[in-house]
file coords_16.tsv (TSV, C-alpha atoms)
chain	number	residue	atom	x	y	z
A	792	MET	CA	0.00	0.00	0.00
A	793	VAL	CA	1.27	3.43	-0.90
A	794	ARG	CA	1.27	6.06	1.82
A	795	ALA	CA	2.17	9.73	1.59
A	796	LYS	CA	4.21	11.41	4.28
A	797	PRO	CA	2.53	14.24	6.15
A	798	GLY	CA	2.95	17.59	4.44
A	799	GLU	CA	4.48	16.02	1.29
A	800	GLY	CA	2.84	17.64	-1.73
A	801	SER	CA	-0.78	18.49	-2.41
A	802	LEU	CA	-3.73	16.11	-2.37
A	803	LEU	CA	-3.61	15.83	-6.17
A	804	GLU	CA	0.10	14.96	-6.10
A	805	ARG	CA	-0.42	12.34	-3.43
A	806	ALA	CA	-3.25	10.87	-5.50
A	807	PHE	CA	-0.97	10.27	-8.53
A	808	THR	CA	1.40	7.94	-6.70
A	809	PRO	CA	-1.25	5.27	-5.94
A	810	VAL	CA	-2.43	5.55	-9.54
A	811	VAL	CA	1.01	4.69	-10.89
A	812	THR	CA	1.42	1.85	-8.41
A	813	VAL	CA	-1.98	0.35	-9.24
A	814	VAL	CA	-1.30	0.58	-12.96
A	815	ARG	CA	2.08	-1.11	-12.65
A	816	LYS	CA	0.76	-3.90	-10.49
A	817	ALA	CA	-2.32	-4.59	-12.58
A	818	ARG	CA	-0.55	-4.01	-15.92
A	819	GLN	CA	-3.60	-2.35	-17.40
A	820	PRO	CA	-4.24	1.12	-18.80
A	821	ALA	CA	-5.23	3.82	-16.35
A	822	GLY	CA	-8.34	4.53	-18.44
A	823	ARG	CA	-9.90	1.33	-17.19
A	824	LEU	CA	-9.81	2.62	-13.63
A	825	VAL	CA	-11.51	5.86	-14.70
A	826	THR	CA	-14.12	3.80	-16.54
A	827	ALA	CA	-14.80	1.88	-13.35
A	828	VAL	CA	-15.39	5.11	-11.47
A	829	ARG	CA	-17.93	6.25	-14.07
A	830	LYS	CA	-19.65	2.88	-14.38
A	831	PRO	CA	-23.44	3.38	-14.67
A	832	ALA	CA	-25.63	2.51	-11.72
A	833	ILE	CA	-27.56	-0.16	-13.64
A	834	LEU	CA	-25.85	-2.80	-11.45
A	835	SER	CA	-27.10	-1.11	-8.31
A	836	PRO	CA	-29.71	-3.09	-6.32
A	837	THR	CA	-31.91	0.00	-6.44
A	838	GLY	CA	-31.33	0.51	-10.16
A	839	PRO	CA	-33.75	1.22	-12.98
A	840	VAL	CA	-35.61	-2.12	-12.96
A	841	SER	CA	-37.80	-1.33	-9.93
A	842	VAL	CA	-38.05	2.31	-10.93
A	843	ARG	CA	-39.43	1.35	-14.33
A	844	ARG	CA	-42.05	-0.83	-12.66
A	845	GLU	CA	-43.09	2.02	-10.38
A	846	VAL	CA	-43.28	4.45	-13.30
A	847	LEU	CA	-45.48	2.01	-15.20
A	848	CYS	CA	-47.80	1.73	-12.19
A	849	LEU	CA	-47.94	5.52	-11.81
A	850	VAL	CA	-48.83	6.00	-15.47
A	851	LEU	CA	-50.82	2.92	-16.48
A	852	ILE	CA	-53.19	2.51	-13.52
A	853	PRO	CA	-54.55	6.11	-13.55
A	854	SER	CA	-54.62	6.10	-17.36
A	855	ALA	CA	-56.47	2.79	-17.37
A	856	THR	CA	-58.99	4.23	-14.91
A	857	VAL	CA	-59.66	7.22	-17.19
A	858	GLY	CA	-59.94	4.83	-20.14
A	859	LEU	CA	-62.37	2.59	-18.27
A	860	VAL	CA	-64.64	5.50	-17.36
A	861	CYS	CA	-64.47	6.72	-20.96
A	862	LEU	CA	-65.36	3.24	-22.20
A	863	LEU	CA	-68.34	3.00	-19.83
A	864	ALA	CA	-69.50	6.44	-20.90
A	865	TRP	CA	-69.09	5.48	-24.55
A	866	SER	CA	-71.22	2.36	-24.01
A	867	SER	CA	-73.95	4.68	-22.68
A	868	GLY	CA	-73.53	7.13	-25.55
A	869	VAL	CA	-72.22	9.98	-23.35
A	870	ALA	CA	-68.49	9.90	-24.03
A	871	TYR	CA	-68.17	12.64	-26.64
A	872	HIS	CA	-70.26	15.23	-28.47
A	873	PRO	CA	-68.87	17.92	-30.78
A	874	GLY	CA	-69.26	21.63	-30.20
A	875	CYS	CA	-68.35	21.98	-26.51
A	876	HIS	CA	-64.73	23.06	-26.98
A	877	SER	CA	-64.16	22.36	-23.28
A	878	THR	CA	-60.72	20.82	-23.75
A	879	ALA	CA	-59.67	23.65	-26.08
A	880	ASN	CA	-60.88	26.22	-23.55
A	881	PHE	CA	-59.12	24.40	-20.73
A	882	LEU	CA	-55.81	24.40	-22.62
A	883	ALA	CA	-56.36	28.02	-23.65
A	884	SER	CA	-56.76	28.93	-20.00
A	885	LEU	CA	-53.50	27.15	-19.14
A	886	PHE	CA	-51.56	29.00	-21.81
A	887	TYR	CA	-53.27	32.38	-21.42
A	888	GLN	CA	-55.02	32.19	-24.80
A	889	PRO	CA	-58.52	33.50	-25.64
A	890	THR	CA	-61.32	30.98	-25.16
A	891	ILE	CA	-63.78	29.72	-27.76
A	892	GLY	CA	-67.52	30.07	-27.43
A	893	SER	CA	-69.31	26.85	-26.48
A	894	THR	CA	-72.26	25.38	-28.39
A	895	CYS	CA	-72.80	22.45	-26.02
A	896	GLN	CA	-76.23	20.86	-25.88
A	897	SER	CA	-75.07	18.14	-23.46
A	898	VAL	CA	-72.03	17.44	-21.25
A	899	PRO	CA	-70.30	14.16	-22.18
A	900	PHE	CA	-67.39	12.73	-20.21
A	901	LEU	CA	-64.67	14.08	-22.52
A	902	SER	CA	-66.10	17.58	-22.12
A	903	ASP	CA	-66.00	17.37	-18.33
A	904	VAL	CA	-62.38	18.41	-17.77
A	905	PRO	CA	-62.58	18.44	-13.92
A	906	ALA	CA	-63.95	14.87	-13.98
A	907	ILE	CA	-61.12	13.74	-16.25
A	908	MET	CA	-58.57	15.33	-13.93
A	909	LEU	CA	-60.10	13.66	-10.87
A	910	SER	CA	-60.43	10.30	-12.68
A	911	PHE	CA	-56.65	10.39	-13.08
A	912	CYS	CA	-55.66	11.96	-9.75
A	913	CYS	CA	-57.79	9.66	-7.56
A	914	PRO	CA	-56.16	6.37	-8.61
A	915	PHE	CA	-52.84	8.23	-8.71
A	916	ALA	CA	-53.29	8.94	-4.98
A	917	LEU	CA	-53.81	5.23	-4.37
A	918	VAL	CA	-50.71	4.23	-6.36
A	919	THR	CA	-48.42	6.84	-4.81
A	920	TYR	CA	-49.52	5.88	-1.29
A	921	LYS	CA	-48.93	2.17	-1.89
A	922	LEU	CA	-45.55	2.77	-3.54
A	923	LEU	CA	-44.54	5.16	-0.76
A	924	ARG	CA	-45.40	2.60	1.92
A	925	ARG	CA	-43.42	0.01	-0.02
A	926	ARG	CA	-40.43	2.36	-0.35
A	927	LEU	CA	-40.47	3.23	3.35
A	928	ALA	CA	-40.72	-0.42	4.40
A	929	ALA	CA	-37.70	-1.29	2.24
A	930	LEU	CA	-35.74	1.90	2.97
A	931	GLN	CA	-33.35	0.47	5.55
A	932	GLY	CA	-32.51	-2.55	3.39
A	933	ALA	CA	-32.10	-0.38	0.30
A	934	LEU	CA	-29.69	1.97	2.09
A	935	VAL	CA	-27.67	-1.02	3.28
A	936	ARG	CA	-27.50	-2.42	-0.26
A	937	THR	CA	-26.28	0.87	-1.69
A	938	GLY	CA	-23.63	0.97	1.03
A	939	LEU	CA	-24.77	4.20	2.67
A	940	LEU	CA	-25.56	2.48	5.99
A	941	ARG	CA	-22.73	0.22	7.06
A	942	GLU	CA	-22.61	0.80	10.80
A	943	GLN	CA	-24.98	-1.37	12.79
A	944	GLY	CA	-26.03	1.57	14.97
A	945	SER	CA	-27.23	3.53	11.95
A	946	GLN	CA	-29.09	0.52	10.59
A	947	ASP	CA	-30.81	-0.08	13.92
A	948	THR	CA	-31.81	3.60	14.21
A	949	ILE	CA	-33.40	3.66	10.74
A	950	SER	CA	-35.09	0.27	11.23
A	951	ALA	CA	-36.59	1.26	14.59
A	952	GLY	CA	-37.76	4.62	13.25
A	953	ILE	CA	-39.51	3.04	10.25
A	954	LEU	CA	-41.13	0.41	12.49
A	955	ARG	CA	-42.53	3.11	14.79
A	956	LEU	CA	-43.74	5.09	11.77
A	957	GLU	CA	-45.56	2.10	10.28
A	958	ARG	CA	-47.24	1.31	13.58
A	959	SER	CA	-48.44	4.89	13.93
A	960	ILE	CA	-49.96	5.12	10.44
A	961	ASP	CA	-51.54	1.67	10.24
A	962	LEU	CA	-55.27	1.78	10.92
A	963	THR	CA	-57.48	-0.83	12.51
A	964	PRO	CA	-60.24	-2.34	10.33
A	965	SER	CA	-62.89	-0.31	12.13
A	966	ARG	CA	-61.02	2.95	11.54
A	967	ARG	CA	-60.50	2.08	7.90
A	968	LEU	CA	-64.21	1.42	7.54
A	969	ALA	CA	-65.05	4.70	9.25
A	970	LEU	CA	-62.61	6.61	7.05
A	971	SER	CA	-64.07	4.95	3.94
A	972	ALA	CA	-67.56	6.01	4.99
A	973	VAL	CA	-66.43	9.60	5.63
A	974	SER	CA	-64.66	9.71	2.26
A	975	ALA	CA	-67.72	8.37	0.45
A	976	ALA	CA	-69.93	10.93	2.20
A	977	MET	CA	-67.61	13.78	1.22
A	978	VAL	CA	-67.51	12.68	-2.42
A	979	THR	CA	-71.28	12.18	-2.53
A	980	TRP	CA	-71.78	15.70	-1.22
A	981	LEU	CA	-69.30	17.07	-3.78
A	982	TYR	CA	-71.11	15.18	-6.54
A	983	TRP	CA	-74.44	16.63	-5.44
A	984	ARG	CA	-73.06	20.18	-5.30
A	985	ASN	CA	-71.55	19.75	-8.74
A	986	LEU	CA	-74.87	18.61	-10.17
A	987	LYS	CA	-76.79	21.45	-8.53
A	988	ALA	CA	-74.39	24.37	-8.91
A	989	GLY	CA	-71.21	23.21	-10.67
A	990	HIS	CA	-69.24	25.92	-12.43
A	991	LEU	CA	-68.70	23.59	-15.40
A	992	PHE	CA	-72.26	24.13	-16.62
A	993	ASN	CA	-71.84	27.90	-16.44
A	994	THR	CA	-68.67	27.60	-18.50
A	995	LEU	CA	-70.32	25.52	-21.22
A	996	GLU	CA	-73.71	27.23	-21.29
A	997	THR	CA	-74.96	28.98	-24.42
A	998	PRO	CA	-76.74	32.35	-24.05
A	999	GLY	CA	-80.31	32.41	-25.32
A	1000	PRO	CA	-82.97	35.05	-25.89
A	1001	ASN	CA	-84.09	37.28	-23.00
A	1002	GLY	CA	-80.90	36.55	-21.03
A	1003	THR	CA	-81.67	32.84	-20.57
A	1004	THR	CA	-79.13	30.02	-20.91
A	1005	ASN	CA	-79.23	26.27	-21.43
A	1006	ALA	CA	-77.43	25.53	-18.14
A	1007	ALA	CA	-80.42	23.51	-16.86
A	1008	GLN	CA	-80.37	21.42	-20.03
A	1009	LEU	CA	-76.66	20.79	-19.60
A	1010	ARG	CA	-77.15	19.60	-16.03
A	1011	ASP	CA	-79.93	17.27	-17.12
A	1012	SER	CA	-77.74	15.80	-19.88
A	1013	TRP	CA	-74.58	15.54	-17.78
A	1014	TRP	CA	-72.85	12.21	-18.36
A	1015	ALA	CA	-72.90	11.31	-14.62
A	1016	ASN	CA	-76.43	12.52	-13.82
A	1017	TYR	CA	-77.88	9.80	-11.60
A	1018	HIS	CA	-81.40	10.39	-12.96
A	1019	HIS	CA	-80.36	9.03	-16.38
A	1020	HIS	CA	-77.01	7.26	-15.81
A	1021	PHE	CA	-77.13	5.81	-12.32
A	1022	PHE	CA	-74.30	3.33	-12.88
A	1023	LEU	CA	-71.96	6.04	-14.16
A	1024	ALA	CA	-72.82	8.16	-11.11
A	1025	VAL	CA	-71.90	5.25	-8.84
A	1026	VAL	CA	-68.61	4.77	-10.71
A	1027	CYS	CA	-67.88	8.49	-10.40
A	1028	ILE	CA	-68.49	8.47	-6.64
A	1029	LEU	CA	-66.55	5.24	-6.15
A	1030	ILE	CA	-63.43	6.54	-7.89
A	1031	GLY	CA	-63.65	9.81	-5.99
A	1032	SER	CA	-64.06	7.97	-2.69
A	1033	VAL	CA	-60.90	5.95	-3.34
A	1034	GLY	CA	-58.98	9.13	-4.07
A	1035	VAL	CA	-60.21	10.95	-0.96
A	1036	TYR	CA	-59.58	7.88	1.24
A	1037	TYR	CA	-55.96	7.58	0.17
A	1038	ALA	CA	-55.50	11.33	0.30
A	1039	TRP	CA	-56.44	11.16	3.99
A	1040	ARG	CA	-54.11	8.18	4.50
A	1041	ALA	CA	-51.26	9.97	2.76
A	1042	GLY	CA	-51.95	13.13	4.77
A	1043	TRP	CA	-51.65	11.22	8.04
A	1044	LEU	CA	-48.45	9.59	6.80
A	1045	TYR	CA	-46.98	13.02	6.00
A	1046	VAL	CA	-48.02	14.30	9.43
A	1047	ARG	CA	-46.12	11.47	11.10
A	1048	LEU	CA	-43.10	12.00	8.85
A	1049	GLY	CA	-43.20	15.68	9.70
A	1050	ALA	CA	-43.28	14.84	13.40
A	1051	VAL	CA	-40.14	12.72	12.99
A	1052	LEU	CA	-38.36	15.53	11.16
A	1053	TYR	CA	-39.41	18.04	13.81
A	1054	ALA	CA	-38.27	15.80	16.65
A	1055	THR	CA	-34.82	15.43	15.06
A	1056	ARG	CA	-34.48	19.04	13.89
A	1057	LYS	CA	-31.64	19.80	16.32
A	1058	SER	CA	-29.61	16.68	15.62
A	1059	SER	CA	-26.31	17.19	13.81
A	1060	ALA	CA	-25.44	15.68	10.46
A	1061	ASP	CA	-23.05	13.31	12.25
A	1062	GLY	CA	-25.85	12.04	14.51
A	1063	LEU	CA	-26.61	9.30	11.97
A	1064	PRO	CA	-23.23	8.33	10.47
A	1065	VAL	CA	-23.54	7.45	6.80
A	1066	SER	CA	-20.76	6.01	4.69
A	1067	TYR	CA	-19.09	7.10	1.50
A	1068	VAL	CA	-20.52	5.33	-1.58
A	1069	PRO	CA	-18.62	5.62	-4.90
A	1070	ARG	CA	-20.68	6.76	-7.86
A	1071	TRP	CA	-20.00	3.59	-9.85
A	1072	ARG	CA	-22.06	1.77	-7.24
A	1073	ASP	CA	-24.84	4.34	-6.93
A	1074	ARG	CA	-24.91	7.51	-9.03
A	1075	SER	CA	-26.56	9.37	-6.15
A	1076	TYR	CA	-23.77	8.47	-3.69
A	1077	GLY	CA	-26.04	5.89	-2.06
A	1078	TRP	CA	-28.96	8.30	-1.57
A	1079	SER	CA	-31.11	7.00	-4.45
A	1080	PRO	CA	-33.63	5.25	-2.10
A	1081	VAL	CA	-34.14	8.54	-0.22
A	1082	THR	CA	-34.46	10.63	-3.39
A	1083	GLY	CA	-36.98	8.06	-4.65
A	1084	VAL	CA	-39.12	8.59	-1.54
A	1085	LEU	CA	-38.90	12.37	-1.92
A	1086	MET	CA	-39.90	12.13	-5.58
A	1087	LEU	CA	-43.00	10.09	-4.67
A	1088	ILE	CA	-43.99	12.68	-2.06
A	1089	TYR	CA	-43.42	15.41	-4.64
A	1090	LEU	CA	-45.61	13.62	-7.20
A	1091	SER	CA	-48.30	13.12	-4.58
A	1092	THR	CA	-48.21	16.85	-3.77
A	1093	VAL	CA	-48.51	17.77	-7.45
A	1094	SER	CA	-51.43	15.36	-7.86
A	1095	LEU	CA	-53.14	16.93	-4.83
A	1096	ALA	CA	-52.69	20.39	-6.33
A	1097	ILE	CA	-54.20	19.29	-9.66
A	1098	ALA	CA	-57.12	17.60	-7.92
A	1099	MET	CA	-57.80	20.70	-5.84
A	1100	VAL	CA	-57.86	22.83	-8.99
A	1101	ALA	CA	-60.60	20.54	-10.32
A	1102	ILE	CA	-62.51	20.71	-7.02
A	1103	PHE	CA	-62.08	24.47	-7.00
A	1104	ASP	CA	-63.72	24.62	-10.44
A	1105	ILE	CA	-66.62	22.53	-9.15
A	1106	LEU	CA	-67.19	24.67	-6.04
A	1107	ARG	CA	-66.47	28.07	-7.55
A	1108	ASN	CA	-70.13	29.15	-7.38
A	1109	GLU	CA	-70.33	28.48	-3.61
A	1110	SER	CA	-68.26	30.98	-1.62
A	1111	TRP	CA	-68.27	29.26	1.79
A	1112	THR	CA	-67.42	25.81	0.41
A	1113	LEU	CA	-64.74	27.38	-1.76
A	1114	VAL	CA	-63.08	28.91	1.32
A	1115	ILE	CA	-62.97	25.49	3.00
A	1116	ALA	CA	-61.48	23.93	-0.13
A	1117	VAL	CA	-58.83	26.64	-0.32
A	1118	ILE	CA	-57.85	26.12	3.32
A	1119	PHE	CA	-57.53	22.34	2.93
A	1120	ALA	CA	-55.59	22.73	-0.32
A	1121	LEU	CA	-53.14	25.28	1.06
A	1122	ILE	CA	-52.53	23.24	4.22
A	1123	GLY	CA	-51.91	20.08	2.21
A	1124	VAL	CA	-49.73	21.56	-0.51
A	1125	LEU	CA	-47.71	23.89	1.73
A	1126	SER	CA	-47.10	21.31	4.47
A	1127	ASN	CA	-45.99	18.71	1.93
A	1128	THR	CA	-43.69	21.23	0.25
A	1129	VAL	CA	-42.12	22.21	3.59
A	1130	MET	CA	-41.57	18.54	4.46
A	1131	ILE	CA	-39.93	17.84	1.08
A	1132	LEU	CA	-37.61	20.83	1.42
A	1133	THR	CA	-36.74	19.97	5.04
A	1134	SER	CA	-35.91	16.37	4.12
A	1135	PHE	CA	-33.92	17.51	1.11
A	1136	PHE	CA	-31.74	19.95	3.07
A	1137	ARG	CA	-31.25	17.36	5.82
A	1138	MET	CA	-30.00	14.91	3.17
A	1139	VAL	CA	-27.69	17.54	1.65
A	1140	GLY	CA	-26.25	18.29	5.10
A	1141	MET	CA	-25.47	14.63	5.77
A	1142	HIS	CA	-23.97	14.31	2.28
A	1143	GLU	CA	-21.70	17.27	3.05
A	1144	SER	CA	-20.55	15.59	6.26
A	1145	VAL	CA	-19.61	12.50	4.22
A	1146	GLU	CA	-17.47	14.67	1.95
A	1147	LYS	CA	-15.67	16.26	4.92
A	1148	ARG	CA	-14.96	12.87	6.50
A	1149	LEU	CA	-13.70	11.51	3.20
A	1150	ARG	CA	-11.30	14.42	2.71
A	1151	ALA	CA	-10.05	14.02	6.27
A	1152	THR	CA	-9.52	10.30	5.66
A	1153	LEU	CA	-7.44	10.89	2.54
A	1154	VAL	CA	-5.06	13.30	4.26
A	1155	ALA	CA	-4.70	11.10	7.35
A	1156	ARG	CA	-1.46	9.16	7.84
A	1157	ASP	CA	-3.26	5.85	8.23
A	1158	SER	CA	-6.49	6.12	6.26
A	1159	GLY	CA	-7.17	2.39	6.19
A	1160	LEU	CA	-7.91	2.52	2.45
A	1161	THR	CA	-6.38	0.28	-0.16
A	1162	SER	CA	-4.60	1.86	-3.09
A	1163	GLU	CA	-7.58	1.24	-5.35
A	1164	GLU	CA	-10.03	2.76	-2.86
A	1165	TYR	CA	-7.72	5.74	-2.35
A	1166	VAL	CA	-7.56	6.42	-6.09
A	1167	ILE	CA	-11.31	6.16	-6.60
A	1168	ALA	CA	-12.07	8.42	-3.64
A	1169	ALA	CA	-9.50	11.02	-4.71
A	1170	SER	CA	-10.83	10.96	-8.26
A	1171	GLU	CA	-14.44	11.43	-7.17
A	1172	LEU	CA	-13.59	14.31	-4.85
A	1173	THR	CA	-12.46	16.28	-7.90
A	1174	VAL	CA	-15.98	16.06	-9.37
A	1175	TRP	CA	-17.96	15.84	-6.13
A	1176	ARG	CA	-21.59	16.94	-6.40
A	1177	SER	CA	-22.87	19.07	-3.54
A	1178	ILE	CA	-26.37	17.67	-4.19
A	1179	PRO	CA	-26.49	13.84	-4.17
A	1180	VAL	CA	-28.44	13.26	-7.39
A	1181	ALA	CA	-27.45	11.27	-10.46
A	1182	SER	CA	-27.99	14.23	-12.79
A	1183	PHE	CA	-28.81	17.76	-11.66
A	1184	SER	CA	-30.19	18.81	-15.05
A	1185	GLY	CA	-32.21	15.59	-15.29
A	1186	SER	CA	-33.71	16.22	-11.84
A	1187	ILE	CA	-34.67	19.76	-12.85
A	1188	ILE	CA	-36.40	18.45	-15.97
A	1189	LYS	CA	-38.31	15.92	-13.86
A	1190	ILE	CA	-39.72	18.54	-11.50
A	1191	LEU	CA	-40.53	21.23	-14.09
A	1192	PRO	CA	-43.97	19.79	-15.00
A	1193	GLY	CA	-44.84	19.62	-11.32
A	1194	LEU	CA	-43.69	23.18	-10.74
A	1195	TYR	CA	-45.92	24.31	-13.59
A	1196	ALA	CA	-48.85	22.40	-12.07
A	1197	LEU	CA	-48.22	24.10	-8.72
A	1198	PHE	CA	-48.10	27.43	-10.52
A	1199	GLN	CA	-51.48	26.72	-12.09
A	1200	PHE	CA	-52.76	25.72	-8.66
A	1201	SER	CA	-51.74	29.07	-7.16
A	1202	ARG	CA	-53.11	30.90	-10.19
A	1203	ALA	CA	-56.49	29.18	-9.88
A	1204	PHE	CA	-56.84	30.12	-6.22
A	1205	LEU	CA	-55.58	33.67	-6.47
A	1206	LYS	CA	-57.37	34.94	-9.56
call {"tool": "encode", "arguments": {"input": "coords_16.tsv", "output": "C-alpha cells"}}
result
Amino acid sequence: MVRAKPGEGSLLERAFTPVVTVVRKARQPAGRLVTAVRKPAILSPTGPVSVRREVLCLVLIPSATVGLVCLLAWSSGVAYHPGCHSTANFLASLFYQPTIGSTCQSVPFLSDVPAIMLSFCCPFALVTYKLLRRRLAALQGALVRTGLLREQGSQDTISAGILRLERSIDLTPSRRLALSAVSAAMVTWLYWRNLKAGHLFNTLETPGPNGTTNAAQLRDSWWANYHHHFFLAVVCILIGSVGVYYAWRAGWLYVRLGAVLYATRKSSADGLPVSYVPRWRDRSYGWSPVTGVLMLIYLSTVSLAIAMVAIFDILRNESWTLVIAVIFALIGVLSNTVMILTSFFRMVGMHESVEKRLRATLVARDSGLTSEEYVIAASELTVWRSIPVASFSGSIIKILPGLYALFQFSRAFLK
C-alpha cells in the first residue's frame, strides 16, 4: 500500500502515486480505472428495474382508470359530443389564450375536464400511497444495499424509526371502515353540489334570448347525472371515494413524517453516520432510495394540487365551500412542500458531512484505504456533487412539470 508522508505535496500529487502503483501492479491502462469510477448505476440493487415498474404503475393505472370511465360512458352514448370546446378552452386557460364560445347541448365525459382530472388523480393517490409505503418499508434494506448504511447503529436507528412510523400510520379495520364512509360521504356531497351548482355548466352554457341560458339542459344531460345514468354516477363516486380515502391516509403519513423531522431538527449531520458510496455503485452516492421517496412525495403533492384545482372549479359558485377547499388545499400543498424541502436539506447536510470525513480520511497518515479505494475516492472528490443526485439537469427536468402544475394551482386560487 502506498502512503504519503505528512505535508508532502498536495492532495492531487499524493493521488498520482497510488495511480502509478496500481497501474504497474495490474498491468492495465489507467483509463480502465476511470471507466470503473464512471460505471453506470444499472448494477445497483436499487437501479432502474424497480423504478421502471413504479413508473409504469404511476402511469398505467390512472390512465387505465380514465380509459375505463371513458369506455363505460361510450357504451352509454355519453363519451363525446362535438361543439363543446371544453378541452380547447381548458388548454387556452393554461396557456393564457382566448377561449372559444361553447355550443354544447349536453355534457359528455370528454367535455367534463374536472372529472377527467379527478379520474386520473384519484387512482394516482392510491398508487403513490402504496408505492410510498413500499419504499419506506424497504428503505433500511435499500440503504444497506447501496452501502450508505454500514454501521450497525445507523441501521438499527433507521429500522426502529420506520417500524414506529408504520405502527403509527396503520389503521385498525374499524377505523378504515369509518374513514371509507367519511370519504364516500364527502364525495357524494361534492357530486351533489356539482350537479346542482357546478361551475362547469356555467362555463359551457350557451346564451339564449331574454338573457336565458341552457345551463339547466346541460345539467340534465350531464354524463354522470344519476337520474339518467345511475351506474356512471356510482362509478364516479366510487373513484372519488378511493382518491379521498388515500389522500387522507397519505396526509396522516406526512403528518407522522413531519413529526419525525421536527423531533430530530436539532440533531447534527453526524448524529446518523452514513458512509461514503462511490458513484459507480450508486450515481446518487447511495442516496437513491431517499431521493426516490422524496420524488414520490413530490408527485403526490402535485397530484393533490391538480385535484384541488378541479374541485375548485366545481365549487367556484359556492363561496363558503370554496373557502374550506382553499384552506384544505393550502394546508396540504404547503405542508408537503415544507416537508420535502426539510428532508432535502437534511439529506444535503449529511452528504456534506460524508465529503468532509472523506477528505479528512485521505489526508490522514493511516487512512485504512487500499490503493484502489484511495484512487477512486480522490478521483471522485475532484468532481464531487454538492447535491447527491445522479444528474442535476435531469432532476430539474423531472420537477418542471410539477412546478408548472403548482403554478397553475396558485393561479387558480388567487385569480
call {"tool": "closest_residue", "arguments": {"input": "coords_16.tsv", "among": "A:Tyr1017, A:Trp1043, A:Tyr1089, A:Phe992", "to": "Val1129 in chain A", "atoms": "only C-alpha atoms"}}
result
A:Tyr1089
call {"tool": "closest_residue", "arguments": {"input": "coords_16.tsv", "among": "A:Glu1171, A:Gly999, A:Pro905, A:Asp1104", "to": "Arg1150 in chain A", "atoms": "all atoms listed in the file"}}
result
A:Glu1171
call {"tool": "atom_distance", "arguments": {"input": "coords_16.tsv", "atom1": "CA of Ile1167 in chain A", "atom2": "CA of Tyr1067 in chain A"}}
result
11.3 Å
call {"tool": "closest_residue", "arguments": {"input": "coords_16.tsv", "among": "A:Thr856, A:Ser893, A:Thr948, A:Asn1001", "to": "Met908 in chain A", "atoms": "all atoms listed in the file"}}
result
A:Thr856
call {"tool": "closest_residue", "arguments": {"input": "coords_16.tsv", "among": "A:Leu901, A:Val842, A:Ile907, A:Cys895", "to": "Cys1027 in chain A", "atoms": "only C-alpha atoms"}}
result
A:Ile907
call {"tool": "residues_around", "arguments": {"input": "coords_16.tsv", "residues": "Ala929 in chain A", "least_positions_apart": "6", "cutoff": "10 Å", "atoms": "all atoms listed in the file", "output": "JSON list (two decimals) with C-alpha atoms, keeping the file's coordinate frame"}}
result
[["chain", "number", "residue", "atom", "x", "y", "z"],
["A", 923, "LEU", "CA", -44.54, 5.16, -0.76],
["A", 950, "SER", "CA", -35.09, 0.27, 11.23],
["A", 953, "ILE", "CA", -39.51, 3.04, 10.25],
["A", 1080, "PRO", "CA", -33.63, 5.25, -2.10]]
call {"tool": "closest_residue", "arguments": {"input": "coords_16.tsv", "among": "A:Ala1098, A:Val1139, A:Val1033, A:Val869", "to": "Ser974 in chain A", "atoms": "only C-alpha atoms"}}
result
A:Val1033
call {"tool": "closest_residue", "arguments": {"input": "coords_16.tsv", "among": "A:Ile1028, A:Val898, A:Leu927, A:Ile1102", "to": "Glu996 in chain A", "atoms": "all atoms listed in the file"}}
result
A:Val898
call {"tool": "atom_distance", "arguments": {"input": "coords_16.tsv", "atom1": "CA of Ser902 in chain A", "atom2": "CA of Tyr871 in chain A"}}
result
7.0 Å
call {"tool": "atom_distance", "arguments": {"input": "coords_16.tsv", "atom1": "CA of Leu970 in chain A", "atom2": "CA of Ala855 in chain A"}}
result
25.5 Å
call {"tool": "residues_around", "arguments": {"input": "coords_16.tsv", "residues": "Asn985 in chain A", "least_positions_apart": "3", "cutoff": "10 Å", "atoms": "all atoms listed in the file", "output": "compact mmCIF listing (two decimals) with C-alpha atoms, in the frame of the given file"}}
result
# COMPACT_ATOMS: atom_id res chain seq x y z
CA THR A 979 -71.28 12.18 -2.53
CA TRP A 980 -71.78 15.70 -1.22
CA LEU A 981 -69.30 17.07 -3.78
CA TYR A 982 -71.11 15.18 -6.54
CA ALA A 988 -74.39 24.37 -8.91
CA GLY A 989 -71.21 23.21 -10.67
CA HIS A 990 -69.24 25.92 -12.43
CA LEU A 991 -68.70 23.59 -15.40
CA PHE A 992 -72.26 24.13 -16.62
CA ARG A 1010 -77.15 19.60 -16.03
CA ILE A 1102 -62.51 20.71 -7.02
CA ASP A 1104 -63.72 24.62 -10.44
CA ILE A 1105 -66.62 22.53 -9.15
CA LEU A 1106 -67.19 24.67 -6.04
CA ARG A 1107 -66.47 28.07 -7.55
CA ASN A 1108 -70.13 29.15 -7.38
call {"tool": "residues_near_point", "arguments": {"input": "coords_16.tsv", "point": "(-55.6, 9.1, -4.9)", "cutoff": "7 Å", "atoms": "all atoms listed in the file", "output": "JSON, numbers by chain"}}
result
{"A": [912, 913, 914, 915, 916, 917, 1033, 1034, 1035, 1037, 1038]}
call {"tool": "write_last_selection", "arguments": {"input": "coords_16.tsv", "atoms": "C-alpha atoms", "output": "CSV table (one decimal), in the coordinates of the input"}}
result
chain,number,residue,atom,x,y,z
A,912,CYS,CA,-55.7,12.0,-9.8
A,913,CYS,CA,-57.8,9.7,-7.6
A,914,PRO,CA,-56.2,6.4,-8.6
A,915,PHE,CA,-52.8,8.2,-8.7
A,916,ALA,CA,-53.3,8.9,-5.0
A,917,LEU,CA,-53.8,5.2,-4.4
A,1033,VAL,CA,-60.9,6.0,-3.3
A,1034,GLY,CA,-59.0,9.1,-4.1
A,1035,VAL,CA,-60.2,11.0,-1.0
A,1037,TYR,CA,-56.0,7.6,0.2
A,1038,ALA,CA,-55.5,11.3,0.3
call {"tool": "residues_around", "arguments": {"input": "coords_16.tsv", "residues": "Thr894 in chain A", "least_positions_apart": "2", "cutoff": "10 Å", "atoms": "all atoms listed in the file", "output": "NGL selection string"}}
result
:A and (873-876 or 891-892 or 896-897 or 995-998 or 1005)
